[in-house]
$ cat coords-v4.cif   # mmCIF, N, CA, C and O atoms
data_start
loop_
_atom_site.label_atom_id
_atom_site.label_comp_id
_atom_site.auth_asym_id
_atom_site.auth_seq_id
_atom_site.Cartn_x
_atom_site.Cartn_y
_atom_site.Cartn_z
N MET A 243 -5.80 28.58 6.48
CA MET A 243 -4.63 27.79 6.23
C MET A 243 -3.95 28.30 4.97
O MET A 243 -4.60 28.50 3.95
N SER A 244 -2.64 28.47 5.05
CA SER A 244 -1.91 28.97 3.89
C SER A 244 -1.83 27.89 2.81
O SER A 244 -2.02 26.70 3.07
N THR A 245 -1.53 28.31 1.61
CA THR A 245 -1.39 27.38 0.50
C THR A 245 -0.26 26.39 0.77
O THR A 245 -0.40 25.20 0.49
N GLU A 246 0.83 26.89 1.34
CA GLU A 246 1.97 26.02 1.65
C GLU A 246 1.59 24.97 2.70
O GLU A 246 1.90 23.80 2.55
N ALA A 247 0.89 25.39 3.75
CA ALA A 247 0.47 24.47 4.80
C ALA A 247 -0.51 23.43 4.25
O ALA A 247 -0.44 22.26 4.59
N LYS A 248 -1.42 23.87 3.39
CA LYS A 248 -2.36 22.94 2.78
C LYS A 248 -1.63 21.92 1.93
O LYS A 248 -1.96 20.74 1.94
N GLY A 249 -0.61 22.35 1.20
CA GLY A 249 0.18 21.44 0.38
C GLY A 249 0.88 20.39 1.22
O GLY A 249 0.91 19.21 0.86
N ARG A 250 1.43 20.82 2.37
CA ARG A 250 2.09 19.87 3.27
C ARG A 250 1.07 18.89 3.85
O ARG A 250 1.33 17.70 3.96
N ALA A 251 -0.11 19.38 4.22
CA ALA A 251 -1.16 18.51 4.77
C ALA A 251 -1.62 17.51 3.72
O ALA A 251 -1.79 16.32 4.01
N ASP A 252 -1.79 17.96 2.49
CA ASP A 252 -2.20 17.06 1.41
C ASP A 252 -1.14 15.99 1.16
O ASP A 252 -1.46 14.82 0.94
N ALA A 253 0.13 16.38 1.21
CA ALA A 253 1.22 15.43 1.00
C ALA A 253 1.25 14.38 2.11
O ALA A 253 1.49 13.20 1.86
N ALA A 254 0.99 14.80 3.34
CA ALA A 254 0.98 13.87 4.47
C ALA A 254 -0.16 12.86 4.32
O ALA A 254 0.02 11.67 4.57
N VAL A 255 -1.32 13.33 3.90
CA VAL A 255 -2.45 12.43 3.68
C VAL A 255 -2.14 11.45 2.57
O VAL A 255 -2.39 10.25 2.68
N GLU A 256 -1.54 11.94 1.50
CA GLU A 256 -1.19 11.08 0.37
C GLU A 256 -0.16 10.04 0.79
O GLU A 256 -0.26 8.87 0.41
N ALA A 257 0.83 10.42 1.59
CA ALA A 257 1.84 9.47 2.06
C ALA A 257 1.20 8.41 2.93
O ALA A 257 1.53 7.23 2.83
N GLY A 258 0.25 8.79 3.79
CA GLY A 258 -0.45 7.83 4.63
C GLY A 258 -1.25 6.86 3.79
O GLY A 258 -1.28 5.66 4.06
N ALA A 259 -1.90 7.35 2.75
CA ALA A 259 -2.67 6.49 1.86
C ALA A 259 -1.74 5.53 1.13
O ALA A 259 -2.06 4.37 0.93
N SER A 260 -0.57 6.02 0.74
CA SER A 260 0.40 5.18 0.05
C SER A 260 0.89 4.07 0.97
O SER A 260 1.02 2.92 0.55
N ASP A 261 1.17 4.39 2.24
CA ASP A 261 1.59 3.38 3.21
C ASP A 261 0.51 2.33 3.39
O ASP A 261 0.80 1.14 3.48
N GLU A 262 -0.73 2.75 3.46
CA GLU A 262 -1.85 1.82 3.62
C GLU A 262 -1.95 0.91 2.40
O GLU A 262 -2.18 -0.29 2.53
N ARG A 263 -1.76 1.45 1.22
CA ARG A 263 -1.79 0.62 0.00
C ARG A 263 -0.66 -0.41 0.02
O ARG A 263 -0.88 -1.58 -0.30
N LEU A 264 0.54 0.01 0.41
CA LEU A 264 1.66 -0.92 0.50
C LEU A 264 1.38 -2.01 1.53
O LEU A 264 1.67 -3.19 1.29
N ARG A 265 0.83 -1.63 2.66
CA ARG A 265 0.50 -2.59 3.70
C ARG A 265 -0.48 -3.63 3.18
O ARG A 265 -0.29 -4.82 3.36
N ARG A 266 -1.50 -3.20 2.49
CA ARG A 266 -2.51 -4.13 1.96
C ARG A 266 -1.93 -5.03 0.89
O ARG A 266 -2.18 -6.23 0.87
N TRP A 267 -1.13 -4.46 -0.02
CA TRP A 267 -0.51 -5.29 -1.05
C TRP A 267 0.42 -6.31 -0.44
O TRP A 267 0.48 -7.46 -0.87
N ARG A 268 1.16 -5.90 0.57
CA ARG A 268 2.08 -6.82 1.25
C ARG A 268 1.32 -8.00 1.84
O ARG A 268 1.74 -9.15 1.73
N LEU A 269 0.16 -7.74 2.45
CA LEU A 269 -0.64 -8.83 3.01
C LEU A 269 -1.19 -9.74 1.91
O LEU A 269 -1.24 -10.95 2.06
N VAL A 270 -1.58 -9.16 0.79
CA VAL A 270 -2.12 -9.95 -0.32
C VAL A 270 -1.03 -10.81 -0.96
O VAL A 270 -1.24 -11.99 -1.25
N LEU A 271 0.14 -10.22 -1.18
CA LEU A 271 1.19 -10.90 -1.92
C LEU A 271 1.99 -11.90 -1.11
O LEU A 271 2.69 -12.74 -1.67
N GLY A 272 1.92 -11.80 0.19
CA GLY A 272 2.73 -12.68 1.02
C GLY A 272 4.08 -12.06 1.30
O GLY A 272 4.29 -10.87 1.08
N GLY A 273 5.00 -12.86 1.77
CA GLY A 273 6.26 -12.30 2.22
C GLY A 273 7.42 -12.55 1.30
O GLY A 273 7.26 -12.86 0.13
N ALA A 274 8.58 -12.43 1.86
CA ALA A 274 9.87 -12.62 1.19
C ALA A 274 10.12 -11.52 0.16
O ALA A 274 9.34 -10.58 0.02
N GLU A 275 11.19 -11.62 -0.52
CA GLU A 275 11.57 -10.60 -1.49
C GLU A 275 10.67 -10.60 -2.72
O GLU A 275 10.60 -9.62 -3.45
N ALA A 276 9.97 -11.71 -2.94
CA ALA A 276 9.14 -11.84 -4.15
C ALA A 276 7.96 -10.87 -4.15
O ALA A 276 7.42 -10.58 -5.21
N ASP A 277 7.56 -10.38 -2.98
CA ASP A 277 6.39 -9.49 -2.97
C ASP A 277 6.69 -8.15 -3.63
O ASP A 277 5.79 -7.50 -4.14
N GLY A 278 7.94 -7.71 -3.60
CA GLY A 278 8.34 -6.50 -4.30
C GLY A 278 7.94 -5.19 -3.66
O GLY A 278 8.20 -4.14 -4.21
N THR A 279 7.31 -5.23 -2.48
CA THR A 279 6.87 -3.97 -1.87
C THR A 279 7.95 -3.35 -1.00
O THR A 279 7.98 -2.14 -0.85
N GLY A 280 8.80 -4.17 -0.40
CA GLY A 280 9.79 -3.66 0.53
C GLY A 280 9.19 -3.20 1.84
O GLY A 280 9.84 -2.56 2.65
N TYR A 281 7.92 -3.55 2.07
CA TYR A 281 7.20 -3.12 3.26
C TYR A 281 7.24 -4.22 4.31
O TYR A 281 6.87 -5.35 4.02
N GLU A 282 7.72 -3.90 5.50
CA GLU A 282 7.77 -4.89 6.58
C GLU A 282 6.57 -4.74 7.48
O GLU A 282 6.17 -3.63 7.82
N LEU A 283 6.00 -5.87 7.86
CA LEU A 283 4.83 -5.87 8.74
C LEU A 283 5.26 -6.00 10.19
O LEU A 283 6.28 -6.61 10.49
N ALA A 284 4.46 -5.45 11.07
CA ALA A 284 4.72 -5.55 12.51
C ALA A 284 3.40 -5.73 13.24
O ALA A 284 2.33 -5.47 12.69
N GLY A 285 3.47 -6.19 14.47
CA GLY A 285 2.30 -6.30 15.33
C GLY A 285 1.22 -7.20 14.76
O GLY A 285 1.50 -8.31 14.32
N GLN A 286 0.00 -6.71 14.78
CA GLN A 286 -1.14 -7.49 14.30
C GLN A 286 -1.01 -7.85 12.83
O GLN A 286 -1.43 -8.93 12.41
N ASP A 287 -0.42 -6.98 12.04
CA ASP A 287 -0.23 -7.26 10.62
C ASP A 287 0.67 -8.48 10.43
O ASP A 287 0.42 -9.32 9.57
N ALA A 288 1.73 -8.58 11.23
CA ALA A 288 2.63 -9.73 11.14
C ALA A 288 1.88 -11.00 11.53
O ALA A 288 2.08 -12.06 10.92
N GLY A 289 1.02 -10.91 12.53
CA GLY A 289 0.20 -12.05 12.92
C GLY A 289 -0.75 -12.48 11.81
O GLY A 289 -0.91 -13.68 11.54
N MET A 290 -1.39 -11.50 11.18
CA MET A 290 -2.28 -11.81 10.05
C MET A 290 -1.50 -12.46 8.92
O MET A 290 -1.96 -13.41 8.29
N ASP A 291 -0.30 -11.95 8.66
CA ASP A 291 0.54 -12.50 7.60
C ASP A 291 0.87 -13.96 7.90
O ASP A 291 0.82 -14.80 7.00
N GLY A 292 1.18 -14.26 9.14
CA GLY A 292 1.47 -15.64 9.53
C GLY A 292 0.26 -16.55 9.35
O GLY A 292 0.38 -17.67 8.84
N ALA A 293 -0.91 -16.05 9.74
CA ALA A 293 -2.14 -16.84 9.58
C ALA A 293 -2.46 -17.05 8.10
O ALA A 293 -2.82 -18.16 7.69
N LEU A 294 -2.30 -16.01 7.28
CA LEU A 294 -2.56 -16.16 5.85
C LEU A 294 -1.56 -17.12 5.21
O LEU A 294 -1.93 -17.94 4.36
N GLY A 295 -0.31 -17.07 5.65
CA GLY A 295 0.70 -17.99 5.15
C GLY A 295 0.36 -19.44 5.51
O GLY A 295 0.53 -20.35 4.70
N ALA A 296 -0.14 -19.65 6.73
CA ALA A 296 -0.52 -21.00 7.14
C ALA A 296 -1.73 -21.49 6.34
O ALA A 296 -1.79 -22.67 5.99
N LEU A 297 -2.66 -20.61 6.06
CA LEU A 297 -3.86 -21.01 5.31
C LEU A 297 -3.57 -21.30 3.84
O LEU A 297 -4.08 -22.27 3.27
N TYR A 298 -2.77 -20.45 3.24
CA TYR A 298 -2.56 -20.54 1.79
C TYR A 298 -1.23 -21.14 1.39
O TYR A 298 -0.92 -21.24 0.21
N GLY A 299 -0.44 -21.51 2.37
CA GLY A 299 0.84 -22.18 2.10
C GLY A 299 1.85 -21.31 1.40
O GLY A 299 1.58 -20.18 0.99
N GLY A 300 3.01 -21.85 1.28
CA GLY A 300 4.01 -21.06 0.58
C GLY A 300 5.38 -21.54 0.80
O GLY A 300 5.79 -22.32 1.53
#
$ encode --input "coords-v4.cif" --output "structure tokens"
Amino acid sequence: MSTEAKGRADAAVEAGASDERLRRWRLVLGGAEADGTGYELAGQDAGMDGALGALYGG
């Protein structure tokens, strides 16, 4: 693998890790603009967010 290709692969992995961190923070912080992540949840994550909101209020 060339150095350039390795750099692109490393960047893709880092971006995926960053998305996962944003996803987790979004679930922890709750919704609305106050969370500050700008990350929108979909599918199962949106369902989890709804359940967490019901449990912890808001």
$ residues_near_point --input "coords-v4.cif" --point "(6.5, -2.5, 7.2)" --cutoff "9 Å" --atoms "only C-alpha atoms" --output "PyMOL selection string"
chain A and resi 261+264-265+268+280-284+287
$ atom_distance --input "coords-v4.cif" --atom1 "atom CA of A:Leu297" --atom2 "atom N of A:Ala259"
28.5 Å
$ atom_distance --input "coords-v4.cif" --atom1 "atom N of A:Leu294" --atom2 "atom C of A:Leu269"
8.3 Å
$ atom_distance --input "coords-v4.cif" --atom1 "atom CA of A:Ala293" --atom2 "atom CA of A:Asp277"
16.9 Å
